[in-house]
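run_32.pdb follows (PDB, C-alpha atoms, pLDDT in the B column):
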```
ATOM      1  CA  MET G1047     -12.302 -13.285 -16.100  1.00 85.00           C
ATOM      2  CA  SER G1048     -12.193 -14.486 -12.500  1.00 94.00           C
ATOM      3  CA  ILE G1049     -10.070 -13.715  -9.453  1.00 96.00           C
ATOM      4  CA  THR G1050      -9.003 -16.819  -7.594  1.00 95.00           C
ATOM      5  CA  GLU G1051      -6.662 -17.654  -4.733  1.00 94.00           C
ATOM      6  CA  LEU G1052      -3.182 -18.571  -5.942  1.00 95.00           C
ATOM      7  CA  ARG G1053      -2.691 -22.332  -5.876  1.00 93.00           C
ATOM      8  CA  ALA G1054       0.076 -24.656  -7.058  1.00 93.00           C
ATOM      9  CA  VAL G1055      -1.873 -25.297 -10.264  1.00 94.00           C
ATOM     10  CA  HIS G1056      -1.377 -21.590 -11.208  1.00 95.00           C
ATOM     11  CA  ALA G1057       2.402 -21.476 -10.648  1.00 94.00           C
ATOM     12  CA  ASP G1058       3.492 -22.116 -14.249  1.00 95.00           C
ATOM     13  CA  ALA G1059       0.929 -19.693 -15.688  1.00 96.00           C
ATOM     14  CA  LEU G1060       1.939 -17.023 -13.157  1.00 96.00           C
ATOM     15  CA  THR G1061       5.627 -17.497 -14.004  1.00 95.00           C
ATOM     16  CA  ARG G1062       4.745 -17.027 -17.712  1.00 96.00           C
ATOM     17  CA  PHE G1063       2.764 -13.912 -16.788  1.00 96.00           C
ATOM     18  CA  PHE G1064       5.764 -12.368 -15.022  1.00 95.00           C
ATOM     19  CA  ARG G1065       8.162 -13.339 -17.809  1.00 94.00           C
ATOM     20  CA  GLU G1066       5.936 -11.514 -20.325  1.00 94.00           C
ATOM     21  CA  LEU G1067       6.135  -8.230 -18.412  1.00 93.00           C
ATOM     22  CA  PRO G1068       8.339  -5.473 -19.822  1.00 90.00           C
ATOM     23  CA  ASP G1069      11.772  -5.134 -18.203  1.00 83.00           C
ATOM     24  CA  GLY G1070      10.696  -1.792 -16.744  1.00 79.00           C
ATOM     25  CA  ASP G1071       7.920  -3.509 -14.777  1.00 85.00           C
ATOM     26  CA  ILE G1072      10.161  -6.310 -13.517  1.00 82.00           C
ATOM     27  CA  THR G1073      12.642  -3.741 -12.190  1.00 75.00           C
ATOM     28  CA  PHE G1074      10.190  -2.536  -9.565  1.00 75.00           C
ATOM     29  CA  ILE G1075       9.040  -5.914  -8.248  1.00 85.00           C
ATOM     30  CA  LYS G1076      10.779  -6.900  -5.019  1.00 86.00           C
ATOM     31  CA  GLU G1077      11.118 -10.642  -5.645  1.00 87.00           C
ATOM     32  CA  ASP G1078      12.684 -12.511  -8.563  1.00 87.00           C
ATOM     33  CA  VAL G1079       9.306 -13.252 -10.136  1.00 91.00           C
ATOM     34  CA  THR G1080      10.821 -14.878 -13.225  1.00 87.00           C
ATOM     35  CA  ASP G1081      12.179 -17.711 -11.050  1.00 91.00           C
ATOM     36  CA  PRO G1082       9.676 -20.604 -11.027  1.00 91.00           C
ATOM     37  CA  ASP G1083      10.853 -21.682  -7.554  1.00 93.00           C
ATOM     38  CA  THR G1084      10.013 -18.252  -6.140  1.00 91.00           C
ATOM     39  CA  VAL G1085       6.515 -18.348  -7.621  1.00 93.00           C
ATOM     40  CA  ARG G1086       5.954 -21.960  -6.511  1.00 93.00           C
ATOM     41  CA  SER G1087       6.980 -21.045  -2.955  1.00 92.00           C
ATOM     42  CA  TRP G1088       4.146 -18.507  -2.851  1.00 92.00           C
ATOM     43  CA  THR G1089       1.580 -21.296  -3.110  1.00 89.00           C
ATOM     44  CA  GLN G1090       2.744 -22.597   0.288  1.00 86.00           C
ATOM     45  CA  GLY G1091       3.401 -19.305   2.080  1.00 68.00           C
ATOM     46  CA  SER G1092       1.350 -17.472   4.641  1.00 64.00           C
ATOM     47  CA  ALA G1093       0.751 -14.421   2.452  1.00 67.00           C
ATOM     48  CA  SER G1094      -2.583 -13.942   0.752  1.00 92.00           C
ATOM     49  CA  ARG G1095      -2.186 -13.996  -3.031  1.00 95.00           C
ATOM     50  CA  TRP G1096      -4.679 -14.075  -5.897  1.00 96.00           C
ATOM     51  CA  VAL G1097      -4.556 -14.232  -9.674  1.00 97.00           C
ATOM     52  CA  ALA G1098      -6.944 -12.900 -12.287  1.00 97.00           C
ATOM     53  CA  MET G1099      -7.540 -15.688 -14.777  1.00 97.00           C
ATOM     54  CA  ASP G1100      -8.850 -15.579 -18.323  1.00 96.00           C
ATOM     55  CA  GLY G1101      -9.172 -19.275 -19.051  1.00 94.00           C
ATOM     56  CA  ASP G1102      -5.723 -20.709 -18.325  1.00 94.00           C
ATOM     57  CA  THR G1103      -3.973 -17.347 -18.683  1.00 97.00           C
ATOM     58  CA  VAL G1104      -3.024 -15.104 -15.780  1.00 97.00           C
ATOM     59  CA  THR G1105      -3.919 -11.485 -16.551  1.00 97.00           C
ATOM     60  CA  GLY G1106      -3.246  -9.955 -13.136  1.00 97.00           C
ATOM     61  CA  TYR G1107      -1.847 -10.629  -9.702  1.00 96.00           C
ATOM     62  CA  VAL G1108      -2.499  -9.150  -6.274  1.00 96.00           C
ATOM     63  CA  ALA G1109      -0.995 -10.008  -2.899  1.00 94.00           C
ATOM     64  CA  ILE G1110      -1.410  -8.827   0.657  1.00 95.00           C
ATOM     65  CA  ILE G1111       1.819  -9.370   2.565  1.00 93.00           C
ATOM     66  CA  ARG G1112       1.275  -9.017   6.302  1.00 93.00           C
ATOM     67  CA  LEU G1113       4.158  -7.242   7.999  1.00 94.00           C
ATOM     68  CA  SER G1114       5.635  -8.763  11.135  1.00 93.00           C
ATOM     69  CA  GLY G1115       6.434  -7.789  14.695  1.00 96.00           C
ATOM     70  CA  TRP G1116       5.183  -4.416  15.845  1.00 96.00           C
ATOM     71  CA  SER G1117       3.705  -3.790  12.376  1.00 95.00           C
ATOM     72  CA  ASP G1118       1.659  -6.986  12.211  1.00 93.00           C
ATOM     73  CA  HIS G1119      -1.518  -4.926  11.848  1.00 95.00           C
ATOM     74  CA  VAL G1120      -0.209  -3.609   8.482  1.00 96.00           C
ATOM     75  CA  GLY G1121      -0.293  -5.304   5.105  1.00 95.00           C
ATOM     76  CA  GLU G1122       1.565  -4.395   1.925  1.00 95.00           C
ATOM     77  CA  LEU G1123      -0.527  -4.601  -1.223  1.00 95.00           C
ATOM     78  CA  ARG G1124       1.357  -5.707  -4.342  1.00 94.00           C
ATOM     79  CA  LEU G1125      -0.435  -5.580  -7.672  1.00 95.00           C
ATOM     80  CA  VAL G1126       0.551  -6.202 -11.294  1.00 95.00           C
ATOM     81  CA  VAL G1127      -1.634  -6.216 -14.409  1.00 96.00           C
ATOM     82  CA  HIS G1128      -0.475  -7.635 -17.732  1.00 96.00           C
ATOM     83  CA  PRO G1129       0.191  -4.790 -20.223  1.00 95.00           C
ATOM     84  CA  THR G1130      -2.512  -6.060 -22.596  1.00 95.00           C
ATOM     85  CA  HIS G1131      -5.121  -5.711 -19.830  1.00 96.00           C
ATOM     86  CA  ARG G1132      -4.156  -2.304 -18.469  1.00 93.00           C
ATOM     87  CA  GLY G1133      -6.785   0.381 -18.787  1.00 92.00           C
ATOM     88  CA  THR G1134      -9.593  -2.189 -18.629  1.00 95.00           C
ATOM     89  CA  GLY G1135     -10.458  -1.731 -14.956  1.00 95.00           C
ATOM     90  CA  LEU G1136      -8.739  -4.969 -13.945  1.00 97.00           C
ATOM     91  CA  GLY G1137      -6.239  -3.143 -11.734  1.00 96.00           C
ATOM     92  CA  GLY G1138      -9.032  -1.453  -9.805  1.00 95.00           C
ATOM     93  CA  GLU G1139     -10.887  -4.730  -9.449  1.00 96.00           C
ATOM     94  CA  LEU G1140      -7.754  -6.435  -8.108  1.00 96.00           C
ATOM     95  CA  ALA G1141      -7.032  -3.517  -5.747  1.00 95.00           C
ATOM     96  CA  ARG G1142     -10.593  -3.662  -4.351  1.00 94.00           C
ATOM     97  CA  HIS G1143     -10.294  -7.438  -4.011  1.00 95.00           C
ATOM     98  CA  GLY G1144      -7.049  -7.067  -2.071  1.00 94.00           C
ATOM     99  CA  LEU G1145      -8.506  -4.353   0.145  1.00 92.00           C
ATOM    100  CA  SER G1146     -11.555  -6.483   0.898  1.00 90.00           C
ATOM    101  CA  ARG G1147      -9.411  -9.493   1.795  1.00 92.00           C
ATOM    102  CA  ALA G1148      -7.182  -7.327   4.000  1.00 92.00           C
ATOM    103  CA  LEU G1149     -10.293  -6.277   5.901  1.00 89.00           C
ATOM    104  CA  GLU G1150     -11.323  -9.911   6.307  1.00 89.00           C
ATOM    105  CA  ALA G1151      -7.835 -10.702   7.643  1.00 90.00           C
ATOM    106  CA  GLY G1152      -8.233  -8.035  10.328  1.00 91.00           C
ATOM    107  CA  LEU G1153      -5.571  -5.664   9.046  1.00 94.00           C
ATOM    108  CA  SER G1154      -6.090  -2.053  10.081  1.00 94.00           C
ATOM    109  CA  LYS G1155      -3.674  -0.469   7.609  1.00 95.00           C
ATOM    110  CA  LEU G1156      -2.693  -1.300   4.063  1.00 96.00           C
ATOM    111  CA  VAL G1157       0.241   0.266   2.197  1.00 97.00           C
ATOM    112  CA  VAL G1158       1.297   0.242  -1.427  1.00 96.00           C
ATOM    113  CA  GLU G1159       4.591   1.431  -2.909  1.00 95.00           C
ATOM    114  CA  LEU G1160       4.609   2.972  -6.391  1.00 94.00           C
ATOM    115  CA  VAL G1161       7.094   4.658  -8.660  1.00 93.00           C
ATOM    116  CA  ALA G1162       6.111   8.331  -8.490  1.00 93.00           C
ATOM    117  CA  ASP G1163       5.456   8.648 -12.228  1.00 90.00           C
ATOM    118  CA  GLN G1164       2.885   5.819 -12.305  1.00 90.00           C
ATOM    119  CA  GLU G1165       0.067   8.359 -12.518  1.00 92.00           C
ATOM    120  CA  HIS G1166      -2.720   5.934 -13.491  1.00 92.00           C
ATOM    121  CA  ALA G1167      -1.900   3.586 -10.626  1.00 93.00           C
ATOM    122  CA  LEU G1168      -1.703   6.486  -8.160  1.00 95.00           C
ATOM    123  CA  GLU G1169      -5.100   7.736  -9.313  1.00 95.00           C
ATOM    124  CA  MET G1170      -6.622   4.257  -9.029  1.00 95.00           C
ATOM    125  CA  PHE G1171      -5.452   3.807  -5.429  1.00 95.00           C
ATOM    126  CA  LEU G1172      -6.539   7.317  -4.420  1.00 94.00           C
ATOM    127  CA  LYS G1173     -10.057   6.561  -5.724  1.00 92.00           C
ATOM    128  CA  ILE G1174     -10.448   3.658  -3.312  1.00 92.00           C
ATOM    129  CA  GLY G1175      -9.367   5.529  -0.207  1.00 92.00           C
ATOM    130  CA  PHE G1176      -5.572   5.405  -0.166  1.00 95.00           C
ATOM    131  CA  THR G1177      -3.775   8.621   0.779  1.00 95.00           C
ATOM    132  CA  GLY G1178      -0.209   9.808   0.478  1.00 95.00           C
ATOM    133  CA  GLU G1179       1.998   8.667   3.302  1.00 95.00           C
ATOM    134  CA  ALA G1180       5.527   9.344   2.050  1.00 96.00           C
ATOM    135  CA  LEU G1181       7.589  10.498  -0.898  1.00 96.00           C
ATOM    136  CA  LEU G1182      11.074   9.013  -0.920  1.00 96.00           C
ATOM    137  CA  ARG G1183      13.236  10.907  -3.380  1.00 97.00           C
ATOM    138  CA  ASP G1184      15.773   8.978  -5.468  1.00 96.00           C
ATOM    139  CA  HIS G1185      14.862   5.864  -3.502  1.00 95.00           C
ATOM    140  CA  ILE G1186      14.886   3.280  -6.298  1.00 91.00           C
ATOM    141  CA  ARG G1187      17.176   2.658  -9.238  1.00 90.00           C
ATOM    142  CA  ASP G1188      15.815   1.646 -12.631  1.00 84.00           C
ATOM    143  CA  ARG G1189      17.565  -0.768 -15.032  1.00 81.00           C
ATOM    144  CA  ASP G1190      19.407   2.112 -16.689  1.00 86.00           C
ATOM    145  CA  GLY G1191      20.817   3.245 -13.355  1.00 89.00           C
ATOM    146  CA  GLY G1192      18.525   6.272 -13.101  1.00 91.00           C
ATOM    147  CA  LEU G1193      17.189   7.211  -9.699  1.00 94.00           C
ATOM    148  CA  ARG G1194      13.434   7.374  -9.277  1.00 93.00           C
ATOM    149  CA  ASP G1195      11.131   8.630  -6.556  1.00 95.00           C
ATOM    150  CA  LEU G1196       9.012   6.170  -4.578  1.00 94.00           C
ATOM    151  CA  VAL G1197       5.539   7.044  -3.310  1.00 96.00           C
ATOM    152  CA  VAL G1198       4.038   5.201  -0.349  1.00 97.00           C
ATOM    153  CA  LEU G1199       0.253   5.319  -0.125  1.00 97.00           C
ATOM    154  CA  ALA G1200      -1.712   4.055   2.851  1.00 96.00           C
ATOM    155  CA  HIS G1201      -5.270   3.028   3.522  1.00 95.00           C
ATOM    156  CA  HIS G1202      -6.208   3.333   7.191  1.00 93.00           C
ATOM    157  CA  VAL G1203      -8.992   0.812   7.190  1.00 83.00           C
ATOM    158  CA  ASP G1204     -10.648   1.715  10.480  1.00 71.00           C
ATOM    159  CA  ALA G1205     -10.674   5.431   9.741  1.00 61.00           C
ATOM    160  CA  ASN G1206     -11.897   5.006   6.165  1.00 56.00           C
ATOM    161  CA  TRP G1207     -14.448   2.206   6.534  1.00 55.00           C
ATOM    162  CA  GLU G1208     -17.224   4.300   8.061  1.00 54.00           C
ATOM    163  CA  ALA G1209     -16.848   6.999   5.420  1.00 53.00           C
ATOM    164  CA  MET G1210     -16.809   4.408   2.640  1.00 53.00           C
ATOM    165  CA  THR G1211     -19.944   2.787   4.041  1.00 56.00           C
ATOM    166  CA  ALA G1212     -21.692   6.176   4.106  1.00 47.00           C
ATOM    167  CA  VAL G1213     -21.125   6.726   0.381  1.00 50.00           C
ATOM    168  CA  GLY G1214     -21.780   3.116  -0.685  1.00 58.00           C
ATOM    169  CA  LEU G1215     -18.205   2.093  -1.468  1.00 56.00           C
ATOM    170  CA  ALA G1216     -18.197  -0.573   1.216  1.00 54.00           C
ATOM    171  CA  ASP G1217     -20.770  -2.573  -0.755  1.00 59.00           C
ATOM    172  CA  GLU G1218     -18.569  -2.372  -3.866  1.00 58.00           C
ATOM    173  CA  LEU G1219     -15.540  -3.600  -1.931  1.00 53.00           C
ATOM    174  CA  GLY G1220     -17.414  -6.562  -0.549  1.00 53.00           C
ATOM    175  CA  SER G1221     -16.872  -8.420  -3.826  1.00 46.00           C
TER     176      SER G1221
END
```

Rewrite the structure of this file - the entire thing - as structure tokens.
Amino acid sequence: MSITELRAVHADALTRFFRELPDGDITFIKEDVTDPDTVRSWTQGSASRWVAMDGDTVTGYVAIIRLSGWSDHVGELRLVVHPTHRGTGLGGELARHGLSRALEAGLSKLVVELVADQEHALEMFLKIGFTGEALLRDHIRDRDGGLRDLVVLAHHVDANWEAMTAVGLADELGS
């Protein structure tokens, strides 16, 4: 398994990856990821995007979307792992990869939005230095019309980097 920058050659495989996700996962992704044109457009955009590949198959996806204007020092981390690869450590590897690339891009803050009941994902992000920033009650609607809470976690890179270096995590993130 390798993590590689998203290129045009990956667009069809990434579209297949998204189409294989359960409806519940697709509900909470901001873009129409089942549209091949959307995915193809990502290969020419300014955002930083990577795919985890197992041969010709995409098993995971991570993106750092730099915010604009007065928040241009902030990036939003978006991460999805194929259901058959969850619980394998791939999500953590992709999260660390994204965090490392955000550092290289000079971002000083990284945020991630999660459905509040995604306990494993919350735990994974907390382990690599993210902290709770906001809880937005009834902020998102699932496919059945039910309201769900949204959690926003943040990683303040400058504040956390020295502490992570002191305990050896910085070396791990330098992947």

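You can rank G:Val1085, G:Val1120, G:Leu1160, G:Ile1072 by their closest distance to G:Arg1189 using only C-alpha atoms, and at the top of that list sits G:Ile1072.
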
**Request:** Run the PyMOL selection byres ((chain G and resi 1141) around 9) mentally over the shown coordinates, then write out the matched residues as a VMD selection string, using the chain letters and numbers from the document.
**Result:** chain G and resid 1108 1123 to 1125 1136 to 1140 1142 to 1146 1170 to 1171 1174

Keeping only C-alpha atoms, write the selected residues to a file as an mmCIF file, keeping the file's coordinate frame.
```
data_model
loop_
_atom_site.group_PDB
_atom_site.id
_atom_site.type_symbol
_atom_site.label_atom_id
_atom_site.label_comp_id
_atom_site.auth_asym_id
_atom_site.auth_seq_id
_atom_site.Cartn_x
_atom_site.Cartn_y
_atom_site.Cartn_z
ATOM 1 C CA VAL G 1108 -2.499 -9.150 -6.274
ATOM 2 C CA LEU G 1123 -0.527 -4.601 -1.223
ATOM 3 C CA ARG G 1124 1.357 -5.707 -4.342
ATOM 4 C CA LEU G 1125 -0.435 -5.580 -7.672
ATOM 5 C CA LEU G 1136 -8.739 -4.969 -13.945
ATOM 6 C CA GLY G 1137 -6.239 -3.143 -11.734
ATOM 7 C CA GLY G 1138 -9.032 -1.453 -9.805
ATOM 8 C CA GLU G 1139 -10.887 -4.730 -9.449
ATOM 9 C CA LEU G 1140 -7.754 -6.435 -8.108
ATOM 10 C CA ARG G 1142 -10.593 -3.662 -4.351
ATOM 11 C CA HIS G 1143 -10.294 -7.438 -4.011
ATOM 12 C CA GLY G 1144 -7.049 -7.067 -2.071
ATOM 13 C CA LEU G 1145 -8.506 -4.353 0.145
ATOM 14 C CA SER G 1146 -11.555 -6.483 0.898
ATOM 15 C CA MET G 1170 -6.622 4.257 -9.029
ATOM 16 C CA PHE G 1171 -5.452 3.807 -5.429
ATOM 17 C CA ILE G 1174 -10.448 3.658 -3.312
#
```

**Request:** Using only C-alpha atoms, give me every residue within 7 Å of (-7.4, -16.3, -2.3) in file coordinates, as number ranges by chain.
**Result:** G: 1050-1052, 1094-1096

**Request:** Decode the PyMOL selection byres ((chain G and resi 1131) around 12) for the given file into explicit residues and return them as a PyMOL selection string.
**Result:** chain G and resi 1047+1063+1067+1098-1100+1103-1107+1126-1130+1132-1139

**Request:** Apply the PyMOL selection byres ((chain G and resi 1088) around 12) to the displayed file and report the matching residues as a PyMOL selection string.
**Result:** chain G and resi 1051-1058+1060-1061+1077-1079+1081-1087+1089-1097+1108-1111

**Message:** When you look at G:Ala1162 with a cut-off of 7 Å (counting all atoms listed in the file), what residues show up, excluding the ones that are within fewer than 6 positions of it in the same chain? I need them as number ranges by chain.
**Reply:** G: 1195-1197

Prev. selection, C-alpha atoms, output as a PDB file, in the frame of the given file:
```
ATOM      1  CA  ASP G1195      11.131   8.630  -6.556  1.00 95.00           C
ATOM      2  CA  LEU G1196       9.012   6.170  -4.578  1.00 94.00           C
ATOM      3  CA  VAL G1197       5.539   7.044  -3.310  1.00 96.00           C
TER       4      VAL G1197
END
```
